[in-house]
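*Asks:* This structure is in C-alpha cells; I'll ask about it shortly.
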Amino acid sequence: MTKIEAIIQPSRFEAVKDALKEAGIEGMTVTDVRGLGRQKGHTEVYRGREYAMDLLPRTKVELVVVDKLVETAVEAILKSARTGKIGDGKIFLSKVDEVIRIRTEERGEQAL
Amino acid sequence: MTPAVPLDSLRAACEAGRDALAGDFRARGDALATLTGRAALADSTLGALVGMLFPSGLPQERGFCVLAIGGYGRRALFPASDLDVLLLCENARAATLAREPGAALVRALWDLGWRAAVTSRLVEECDRFEPENPEFTISLLDARYVAGDTSLAAALRQRMLPALAAREQTAIVRALSEMTRERHQKYGNTLFHLEPNLKDTPGGLRDFDVACWATAVVELAKHRAWTATEAGWAEMLGETAVASYRFVAAVRVFLHYHNGRDDNRLAYDLQEEAAARGIGVEGAKPLHAEEWMRRYFRHARTIARLEKRSMDAALTRPSLYRAFEDWRARLANSDFSVHRNRAYCRQPATLADPGTLLALYEFVARHGVEPAPETDARVEAVVADERYARGWPGDSAAAGAQLRHILRLPRADLALRTMHRAGVLDALVPEFRAIDSLVVRDLYHRYTVDEHTLLTIEGLHTLRHAGFEPDRRFAEILAEVEQPDLLYLSLLLHDVGKGMPGESHVLASAQAAEGACARLGLAPFESRQVDFLIRNHLEMSLTLQRRDIFDPEAVRVFSELVETPERLKMLCLLTYADVRSVNPEALTPWKAEMLWQLYAAAANSLARNMDGTRITPSASSDREMIEVVRGSSALAALAKPLAAFLDGFPRRYLKLHDAGEIAAHFEMAIHLEERLVAGETQAAEALLRERRGQYELTVVTRDRPRLFSEITGVLSGWGMNILKADAFANRAGLVLDTFAFSDLYNTLALNPEERGRLLGDVEDVAAGRRAFDAAAGARRSPRGPSSRARSAIITEVNFDHACSTTSTVLELVARDRPGLLHQISELFSDAGCNIEAALIDTQGEKAIDVFYLTSAGKKLDQEQARALGETLTRALSE
C-alpha cells in the first residue's frame, strides 16, 4: 500500500477530486496548508502599505491506495492539478506498513 | 442488627416496573408518564425498604424521615438518573439510630438496580444557607415526603424553607445565577451546538429547573408559604414553557434508554433516529432530522428565554452593581427609563404606536440596554394583535428608515435579538420568518439560519473594536463604507431564501429582498446595492476556493463583477461576516488573510484598470442603464445626446451614481451645450448639494489645462477639505468632476447665502472667466492647518505604466490636509501633465489618490515619472 501526498493549488482541488473519483478513488484527507517553494511569496501594495505573504496558500490531499492503483492515482492528479506555472505543487509517495479500520478492526488492503 | 431483606421479590417488581415503563415509552412516547411512573416505582420501593430495614418503631417515632430530592423529588426521574434521597433526622440520637439502617438502605437500592445517592442531614442543617454548598439548599426546594415522620417533613417544607427563602432570597438567587452563568460559559454561552447536551446546554432542562427554582424562591419569600401545589408551580411558568420542557424531556428519556447511562449528549446520528421515531412530537409523527432539530431549537430558545426572564425577575443586585445600574439610568429619555439595567417605556400604552415601538429598539441599539421583562411582555401583546398579522400597521417606509437607523447603531445585534424574541422583527420583515430556527444540518453549520444571520450583524459591529490583525484591516474597510445600513440590511436578508422553496437560496433571497426593499422605502439605487450584495454573497468565497487569487486575470474578472470600490468593500465585509458566523472555527487566520489579499488586489485592479472599462452605448449592458436614466430625465426624448454624453465615461460612473444623479449631470451637460452654442465661449455648470453630512460639488465643463488644479484651489481657498473626488472625461472631451468635501469653518452651514457665492467662484474659475487666485475664496490660505500628527504617514508615490493602455497611473499616499489636492494638481500642471481621470479618497489622516496622467497626449516616460515622483515626494513629505 502506498500513501500519496499531493500539495496542489487550492483552485485545482475540485478538478483533482473529480479526477480521482473518475479513477475510482474516493477516500482522501484534505487540509488547507501554506507553503514555500520555488514560487516566491506574494506582496500586494495597497494604499502605500505592503502586505506580504511569504507562505502561499496550498491544499494538501492525502490518500492511501493499493499498489496497483498508485500510477492511476498519480496520473489523475498530475493531469488535473497542472496549470503549467511555477507553484503547481508536488506529489510525494511513501510506503504504508499497515492500515486498520477503527470500526471493525479490519487490517491491510481490505481496510482501505 | 439490621434484618436481612428479601430482595428477590422487590427486584422482580422493580425490573417489571422498569420494563413496563420502557415499553410504554416506546409505544406512546409520553415522557412525563415515564418520569412520574419511575418516581412512583421508586417511592414504592423505598417505602418497602424503609419498612423492612429500619427497626420497628423508628419510622413512627418523631425525628426521622425519608425525602425524595432533586429530579426524584420533582417526580422527573429519568431512566439513567441518580435516585437522590435525603435521610432527615431531627436530632443526633435519631441520626445515630438511623446510621446502620441507612447504609443498608443504600446497599439495597443499588442491589435493586437504582443508582442511589443518599444524603443524611440533621434538620438544623437545613435551616441555613451555605454559600459553599448552594446546591444543597436548592435541592431542598424539590424535597418530597416518601416515608417516616410526616410532621418533620412538614416542618421542613412548610415552615423552615419559606423562612429560609425570606431570609436568604438574595444569596440563594445570586448563587443560582452564578452557577447558571458558569454552566452556560462551559457551553460557550450559546444554545447552538451540533450535538447539544439536553440537560446542561443553555436552553436545556437545567435551565427550566433554574426558572422553577428562581420563581419558587421569590414566591416563598413573598408569601412565606407554597402558593401552588408541588407540581403546579412549574405550570406557573406558562403552557408554552411546559410544552417545551415536555419535548426536551422526551428526548432525554429517549437518550437514556438508548445509551443505557446518564449521557445527555444528543449525538448527530441519534438526531436522525429520534426524528424518525417522532420523539417529543404529537402523535409520534416521524419527521426529517432538519425539521425535528428545528423544533428542538425552538423549544430550547423558549426555555432559555424563560430562564432569563425568571432570573431577571428574581435577581436583586449587590449595592455596588446597583450603583452602576443607577448610573445607567442617566440614559433615560422622555420615552424610556432605565432601571436595574433594563429599559422601561414610561407610558406603556404608547407602544401601541408602531413608531414608538421601533423607538424602543432604537434605544436598545444605541445604549445596549435590554427591555425589561414587562416591557417585552407588553410588546409581545401588541404584536400579537390582528393588525400586525396583516403586515406592519404603520407607514412601512418610515419603519424602514427606523430599521436602517437601528442597524447602524452600535448594539444593533441586541436590538435585533430582542425584536426577534418579541416578534417585532417578523412583523417588520416577514421574510425573516422563513428562517426562524431553520436548521442546515451538516457538520459545518453550527447555528440555525436566523441565529447565523444575527451573528453576522453582531460580528461586524464588534469589528469596530478590533485590536489585532487581521480583524483590524477589515475594521478599516468598515469605517470607509458610506452606507453601512445597506450592508447590514443585506446581511439580514442574505439567507432568507434558505427557508423558501427553490433550487437556489441566493436567488430566492434576492427575490425576497426585492420586495422587502420596496416595502421599506429604499431608493432604487439602494435596492440595487442590496440586490447586488445578496446575489453575489458567495462569489468572493467561491473565488477564493476556485481561482488563483494571485493571477491578475482572476482578479480582473472578480473586480469586473464588483465594478466599484464601495461594492467591493461591502462584499468583502459581508463575506467576512458570513464565514465568521458559520461556526467559531470557520474563519481561520489563513482564510481571513486570503480574503484580505483578494480584496486588496481587487481594489488595486479597480483603481488601475478604470480606463479599460469605458461606457460603450452600443453594448447591451450599458444600453440597459442608459434606458433607466432616460426614464428618469425630463429630457428623455434626447436619446442620442444622452448616449453621446455617457460615451467614454468609465463604466463605474453608472454604478457610482443613481439614475436621478446621472440625469441631473446630463441636464447640466445640455445646459452647457446650449450656452456654448449661444456664443458663450467660457462656460461651466456647477451643482452643490448636501449629502450625508458632507457637501458634494459637481462640475461639468470642457477640459482644459489646470482645470482640476484650479477647481480644487477654489475649494481649498474657501476652507473646504476635499475627502473624495472623481474626475472623469467622456470621448467628446467633456469633463465631469465630483468632489465630496467637509466645511472646515462651517461657512456654508452658518451662512447659507455663501453657497451661491461659492458656486459662482467655481463656475467662473472652471469656465476660465476668472483666474483662480482672483476668486473670492482665495482670500484664505489655500493650504489649511495640518492636524497635529498622531501617526507617521510616509509619502508614497508609485507609478504603473502597464495597467492602462493610454495613461500612466500614479498612486499617491500622503498625510491629508486642506489644500493637498490643489498642491498635487498644481505640481502635475507644472510638470506638463494632464489628469485624464482621478480617484480621490481619504482614510482618516491619509489621503489615497489615484491619477491617470498623460503628457502631450501620451503616457509619461520613465524620466518624466522619476522627476515628477521626486518633486511630489519632496513637496509632500513631512
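In the C-alpha cells, chains take the letters A, B, ... in the order shown, each chain's residues start at 1, and ligands count up from 1 in the order shown.
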I'd like the contact shell of Leu876 in chain B - 9 Å cut-off, only C-alpha atoms, skipping same-chain residues fewer than 4 positions apart - returned as a ChimeraX atom specification.

*Replies:* /B:795,814-815,820,823-824,871-872

*Asks:* Would you list which chain B residues are within 8 Å of chain A using only C-alpha atoms, as number ranges by chain?

*Replies:* B: 544-548, 550, 590, 594, 597, 600-601, 604, 796-797, 811-813, 848

*Asks:* Mind checking which residues fall within 7 Å of range 361-372 of chain B, counting only C-alpha atoms, ignoring those fewer than 4 positions away in the same chain, and posting them as a CSV table (one decimal) with C-alpha atoms, in the first residue's frame?

*Replies:*
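Generated output (around.csv):
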```
chain,number,residue,atom,x,y,z
B,341,ASN,CA,-30.1,47.9,33.6
B,342,ARG,CA,-33.4,47.3,31.9
B,343,ALA,CA,-35.4,49.6,29.6
B,344,TYR,CA,-39.0,50.6,30.5
B,376,ASP,CA,-41.1,42.6,26.5
B,406,ILE,CA,-31.2,50.8,14.2
B,409,LEU,CA,-26.2,51.8,15.9
B,410,PRO,CA,-23.5,50.1,18.0
B,411,ARG,CA,-25.8,47.4,19.6
B,412,ALA,CA,-27.9,46.7,16.6
B,414,LEU,CA,-29.0,43.2,20.8
B,415,ALA,CA,-31.9,45.2,19.3
```

*Asks:* Do a neighbour search on range 457-470 of chain B at 9 Å with only C-alpha atoms, toss out local chain neighbours closer than 4 positions, and write the hits as a VMD selection string.

*Replies:* chain B and resid 407 to 414 452 to 453 474 to 476 478 to 479 488 491 to 492 573 to 574 576 to 578 580 to 581 589 592 to 593 596

*Asks:* Can I get the selection written as a PDB file, in the first residue's frame, with N, CA and C atoms?

*Replies:*
```pdb
ATOM      1  N   LEU B 407     -30.011  49.561  12.497  1.00  0.00           N
ATOM      2  CA  LEU B 407     -28.928  48.701  12.007  1.00  0.00           C
ATOM      3  C   LEU B 407     -27.570  49.374  12.116  1.00  0.00           C
ATOM      4  N   ARG B 408     -27.558  50.707  12.046  1.00  0.00           N
ATOM      5  CA  ARG B 408     -26.271  51.414  12.101  1.00  0.00           C
ATOM      6  C   ARG B 408     -25.745  51.573  13.523  1.00  0.00           C
ATOM      7  N   LEU B 409     -26.624  51.447  14.512  1.00  0.00           N
ATOM      8  CA  LEU B 409     -26.244  51.761  15.889  1.00  0.00           C
ATOM      9  C   LEU B 409     -25.384  50.659  16.497  1.00  0.00           C
ATOM     10  N   PRO B 410     -24.568  51.019  17.512  1.00  0.00           N
ATOM     11  CA  PRO B 410     -23.541  50.089  17.995  1.00  0.00           C
ATOM     12  C   PRO B 410     -24.054  48.748  18.516  1.00  0.00           C
ATOM     13  N   ARG B 411     -25.277  48.711  19.092  1.00  0.00           N
ATOM     14  CA  ARG B 411     -25.784  47.443  19.608  1.00  0.00           C
ATOM     15  C   ARG B 411     -26.990  46.977  18.814  1.00  0.00           C
ATOM     16  N   ALA B 412     -26.855  47.119  17.504  1.00  0.00           N
ATOM     17  CA  ALA B 412     -27.936  46.666  16.624  1.00  0.00           C
ATOM     18  C   ALA B 412     -28.221  45.192  16.839  1.00  0.00           C
ATOM     19  N   ASP B 413     -27.170  44.424  17.140  1.00  0.00           N
ATOM     20  CA  ASP B 413     -27.366  42.977  17.323  1.00  0.00           C
ATOM     21  C   ASP B 413     -28.309  42.704  18.481  1.00  0.00           C
ATOM     22  N   LEU B 414     -28.138  43.447  19.587  1.00  0.00           N
ATOM     23  CA  LEU B 414     -29.005  43.245  20.751  1.00  0.00           C
ATOM     24  C   LEU B 414     -30.430  43.656  20.420  1.00  0.00           C
ATOM     25  N   HIS B 452     -27.482  32.521  12.779  1.00  0.00           N
ATOM     26  CA  HIS B 452     -26.321  32.850  11.949  1.00  0.00           C
ATOM     27  C   HIS B 452     -26.444  34.276  11.417  1.00  0.00           C
ATOM     28  N   THR B 453     -27.644  34.633  10.956  1.00  0.00           N
ATOM     29  CA  THR B 453     -27.862  35.969  10.407  1.00  0.00           C
ATOM     30  C   THR B 453     -27.597  37.039  11.465  1.00  0.00           C
ATOM     31  N   PHE B 474     -10.025  44.675   8.389  1.00  0.00           N
ATOM     32  CA  PHE B 474     -11.423  44.700   7.986  1.00  0.00           C
ATOM     33  C   PHE B 474     -12.163  45.830   8.698  1.00  0.00           C
ATOM     34  N   ALA B 475     -11.734  46.148   9.902  1.00  0.00           N
ATOM     35  CA  ALA B 475     -12.341  47.275  10.621  1.00  0.00           C
ATOM     36  C   ALA B 475     -12.089  48.579   9.864  1.00  0.00           C
ATOM     37  N   GLU B 476     -10.927  48.695   9.266  1.00  0.00           N
ATOM     38  CA  GLU B 476     -10.616  49.902   8.488  1.00  0.00           C
ATOM     39  C   GLU B 476     -11.535  50.003   7.273  1.00  0.00           C
ATOM     40  N   LEU B 478     -14.513  48.760   7.078  1.00  0.00           N
ATOM     41  CA  LEU B 478     -15.860  49.068   7.571  1.00  0.00           C
ATOM     42  C   LEU B 478     -16.011  50.559   7.834  1.00  0.00           C
ATOM     43  N   ALA B 479     -14.963  51.181   8.344  1.00  0.00           N
ATOM     44  CA  ALA B 479     -15.027  52.609   8.645  1.00  0.00           C
ATOM     45  C   ALA B 479     -15.216  53.448   7.381  1.00  0.00           C
ATOM     46  N   TYR B 488     -25.801  46.055   6.323  1.00  0.00           N
ATOM     47  CA  TYR B 488     -26.472  45.309   7.397  1.00  0.00           C
ATOM     48  C   TYR B 488     -27.816  44.763   6.918  1.00  0.00           C
ATOM     49  N   LEU B 491     -27.178  41.740   4.944  1.00  0.00           N
ATOM     50  CA  LEU B 491     -26.890  40.601   5.820  1.00  0.00           C
ATOM     51  C   LEU B 491     -28.182  40.037   6.410  1.00  0.00           C
ATOM     52  N   LEU B 492     -29.077  40.928   6.795  1.00  0.00           N
ATOM     53  CA  LEU B 492     -30.338  40.486   7.417  1.00  0.00           C
ATOM     54  C   LEU B 492     -31.139  39.601   6.472  1.00  0.00           C
ATOM     55  N   LEU B 573     -16.782  42.717   3.352  1.00  0.00           N
ATOM     56  CA  LEU B 573     -17.231  42.664   4.747  1.00  0.00           C
ATOM     57  C   LEU B 573     -18.359  41.662   4.920  1.00  0.00           C
ATOM     58  N   LEU B 574     -19.227  41.581   3.936  1.00  0.00           N
ATOM     59  CA  LEU B 574     -20.314  40.616   4.016  1.00  0.00           C
ATOM     60  C   LEU B 574     -19.747  39.202   4.038  1.00  0.00           C
ATOM     61  N   TYR B 576     -16.711  38.311   4.999  1.00  0.00           N
ATOM     62  CA  TYR B 576     -16.053  38.165   6.305  1.00  0.00           C
ATOM     63  C   TYR B 576     -17.058  37.765   7.376  1.00  0.00           C
ATOM     64  N   ALA B 577     -18.159  38.525   7.452  1.00  0.00           N
ATOM     65  CA  ALA B 577     -19.163  38.272   8.486  1.00  0.00           C
ATOM     66  C   ALA B 577     -19.848  36.927   8.261  1.00  0.00           C
ATOM     67  N   ASP B 578     -20.123  36.607   7.018  1.00  0.00           N
ATOM     68  CA  ASP B 578     -20.832  35.371   6.695  1.00  0.00           C
ATOM     69  C   ASP B 578     -20.015  34.141   7.086  1.00  0.00           C
ATOM     70  N   ARG B 580     -17.427  34.001   9.127  1.00  0.00           N
ATOM     71  CA  ARG B 580     -17.124  34.030  10.567  1.00  0.00           C
ATOM     72  C   ARG B 580     -18.262  33.489  11.398  1.00  0.00           C
ATOM     73  N   SER B 581     -19.471  33.586  10.884  1.00  0.00           N
ATOM     74  CA  SER B 581     -20.651  33.219  11.671  1.00  0.00           C
ATOM     75  C   SER B 581     -21.189  31.840  11.332  1.00  0.00           C
ATOM     76  N   PRO B 589      -7.354  32.275  10.508  1.00  0.00           N
ATOM     77  CA  PRO B 589      -6.471  33.384  10.111  1.00  0.00           C
ATOM     78  C   PRO B 589      -6.027  33.251   8.650  1.00  0.00           C
ATOM     79  N   ALA B 592      -8.895  34.448   6.480  1.00  0.00           N
ATOM     80  CA  ALA B 592      -9.038  35.901   6.592  1.00  0.00           C
ATOM     81  C   ALA B 592      -7.936  36.596   5.787  1.00  0.00           C
ATOM     82  N   GLU B 593      -6.740  36.063   5.848  1.00  0.00           N
ATOM     83  CA  GLU B 593      -5.620  36.632   5.101  1.00  0.00           C
ATOM     84  C   GLU B 593      -5.885  36.554   3.609  1.00  0.00           C
ATOM     85  N   TRP B 596      -8.497  39.054   2.604  1.00  0.00           N
ATOM     86  CA  TRP B 596      -7.902  40.370   2.553  1.00  0.00           C
ATOM     87  C   TRP B 596      -7.077  40.556   1.276  1.00  0.00           C
TER      88      TRP B 596
END
```

*Asks:* How many Å separate CA of Leu191 in chain B from CA of Leu176 in chain B?

*Replies:*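 Separation of CA of Leu191 in chain B and CA of Leu176 in chain B: 18.8 Å.
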
*Asks:* DSSP on the backbone: what in range 15-102 of chain A comes out alpha helix (DSSP H), as JSON, numbers by chain?

*Replies:* {"A": [15, 16, 17, 18, 19, 20, 21, 22, 70, 71, 72, 73, 74, 75, 76, 77, 78, 79, 80, 81]}

*Asks:* Put those residues in a file: N, CA and C atoms, as a CSV table (one decimal), in the first residue's frame.

*Replies:*
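Final output, saved to selection.csv:
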```csv
chain,number,residue,atom,x,y,z
A,15,ALA,N,-11.0,19.9,-9.4
A,15,ALA,CA,-10.7,19.1,-10.5
A,15,ALA,C,-9.9,17.9,-10.1
A,16,VAL,N,-9.1,17.9,-9.1
A,16,VAL,CA,-8.3,16.8,-8.7
A,16,VAL,C,-9.3,15.8,-8.0
A,17,LYS,N,-10.2,16.3,-7.2
A,17,LYS,CA,-11.2,15.4,-6.6
A,17,LYS,C,-12.0,14.6,-7.6
A,18,ASP,N,-12.5,15.4,-8.6
A,18,ASP,CA,-13.3,14.8,-9.6
A,18,ASP,C,-12.5,13.7,-10.4
A,19,ALA,N,-11.2,14.1,-10.7
A,19,ALA,CA,-10.4,13.2,-11.5
A,19,ALA,C,-10.1,11.9,-10.7
A,20,LEU,N,-9.9,12.0,-9.4
A,20,LEU,CA,-9.7,10.8,-8.6
A,20,LEU,C,-10.9,10.0,-8.5
A,21,LYS,N,-12.1,10.7,-8.4
A,21,LYS,CA,-13.3,9.9,-8.3
A,21,LYS,C,-13.6,9.1,-9.6
A,22,GLU,N,-13.3,9.8,-10.7
A,22,GLU,CA,-13.4,9.1,-12.0
A,22,GLU,C,-12.5,7.9,-12.1
A,70,VAL,N,-1.6,3.0,-7.7
A,70,VAL,CA,-0.8,4.2,-7.5
A,70,VAL,C,-0.6,5.0,-8.8
A,71,GLU,N,-0.2,4.3,-9.8
A,71,GLU,CA,0.1,5.1,-11.1
A,71,GLU,C,-1.2,5.8,-11.6
A,72,THR,N,-2.3,5.1,-11.5
A,72,THR,CA,-3.6,5.7,-11.9
A,72,THR,C,-3.9,6.9,-11.1
A,73,ALA,N,-3.7,6.8,-9.8
A,73,ALA,CA,-4.0,8.0,-9.0
A,73,ALA,C,-3.0,9.1,-9.3
A,74,VAL,N,-1.8,8.8,-9.4
A,74,VAL,CA,-0.8,9.8,-9.7
A,74,VAL,C,-1.1,10.5,-11.0
A,75,GLU,N,-1.4,9.7,-12.0
A,75,GLU,CA,-1.7,10.3,-13.4
A,75,GLU,C,-2.9,11.2,-13.2
A,76,ALA,N,-3.9,10.8,-12.5
A,76,ALA,CA,-5.1,11.6,-12.4
A,76,ALA,C,-4.8,13.0,-11.7
A,77,ILE,N,-4.0,12.9,-10.7
A,77,ILE,CA,-3.6,14.2,-10.0
A,77,ILE,C,-2.8,15.0,-10.9
A,78,LEU,N,-1.8,14.4,-11.6
A,78,LEU,CA,-0.9,15.2,-12.5
A,78,LEU,C,-1.8,16.0,-13.5
A,79,LYS,N,-2.7,15.2,-14.2
A,79,LYS,CA,-3.4,15.8,-15.3
A,79,LYS,C,-4.3,16.9,-14.8
A,80,SER,N,-4.9,16.8,-13.6
A,80,SER,CA,-5.9,17.7,-13.2
A,80,SER,C,-5.3,18.9,-12.4
A,81,ALA,N,-4.2,18.7,-11.8
A,81,ALA,CA,-3.6,19.8,-10.9
A,81,ALA,C,-2.7,20.7,-11.7
```

*Asks:* Could you jot down the CA of Pro286 in chain B to CA of Val251 in chain B separation for me, Å, one decimal place?

*Replies:*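 Computing the Euclidean distance for CA of Pro286 in chain B and CA of Val251 in chain B yields 13.7 Å.
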
*Asks:* Got a sec: who's within 12 Å of His258 in chain B, counting only C-alpha atoms, leaving out chain neighbours fewer than 3 positions off, as a PyMOL selection string?

*Replies:* chain B and resi 22+25-26+79-80+251-255+261-267+269-271+273-274

*Asks:* When you look at Leu93 in chain A with a cut-off of 10 Å (counting only C-alpha atoms), what residues show up, excluding the ones that are within fewer than 6 positions of it in the same chain? I need them as a ChimeraX atom specification.

*Replies:* /A:2-6,62-64,70,74

*Asks:* Can you spit out the residues from that selection as a PDB file, in the first residue's frame, using C-alpha atoms?

*Replies:*
```pdb
ATOM      1  CA  THR A   2       1.240   3.470  -0.789  1.00  0.00           C
ATOM      2  CA  LYS A   3       0.445   6.860   0.665  1.00  0.00           C
ATOM      3  CA  ILE A   4       0.121   9.638  -1.887  1.00  0.00           C
ATOM      4  CA  GLU A   5       0.532  13.149  -0.599  1.00  0.00           C
ATOM      5  CA  ALA A   6      -0.131  15.910  -3.119  1.00  0.00           C
ATOM      6  CA  GLU A  62      -3.591  12.644   1.195  1.00  0.00           C
ATOM      7  CA  LEU A  63      -4.769   9.215   0.185  1.00  0.00           C
ATOM      8  CA  VAL A  64      -3.650   5.634   0.661  1.00  0.00           C
ATOM      9  CA  VAL A  70      -0.761   4.180  -7.495  1.00  0.00           C
ATOM     10  CA  VAL A  74      -0.759   9.850  -9.711  1.00  0.00           C
TER      11      VAL A  74
END
```

*Asks:* Find the residues near range 748-755 of chain B: any atom within 10 Å, counting only C-alpha atoms, skip ones fewer than 5 places away on the same chain, and give them as a PyMOL selection string.

*Replies:* chain B and resi 688-689+695+718+720+743+760-761

*Asks:* Write out, as a PDB file, in the first residue's frame, the residues just selected, with C-alpha atoms.

*Replies:*
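Saved to out26.pdb:
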```pdb
ATOM      1  CA  LEU B 688     -23.845  71.877  -4.989  1.00  0.00           C
ATOM      2  CA  ARG B 689     -25.812  69.741  -2.593  1.00  0.00           C
ATOM      3  CA  TYR B 695     -21.208  68.601   0.636  1.00  0.00           C
ATOM      4  CA  TRP B 718     -12.901  78.539   0.788  1.00  0.00           C
ATOM      5  CA  MET B 720     -13.191  73.139   2.283  1.00  0.00           C
ATOM      6  CA  ASP B 743     -16.687  72.548   5.514  1.00  0.00           C
ATOM      7  CA  GLY B 760     -20.219  81.383  -8.638  1.00  0.00           C
ATOM      8  CA  ASP B 761     -16.499  81.220  -7.884  1.00  0.00           C
TER       9      ASP B 761
END
```

*Asks:* Give me every strand (DSSP E or B) residue in range 72-101 of chain A, going by DSSP on the backbone, as a ChimeraX atom specification.

*Replies:* /A:89-95,100

*Asks:* Out of A:Lys95, A:Lys40, A:Arg103, A:Lys60, which residue has the shortest atom-to-atom distance to Ile7 in chain A when counting only C-alpha atoms?

*Replies:*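 Closest to Ile7 in chain A of all the choices is A:Lys60.
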
*Asks:* For the atom pair CA of Leu220 in chain B and CA of Leu86 in chain B, what is the interatomic distance in Å to one decimal place?

*Replies:*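 Interatomic distance here is 21.3 Å.
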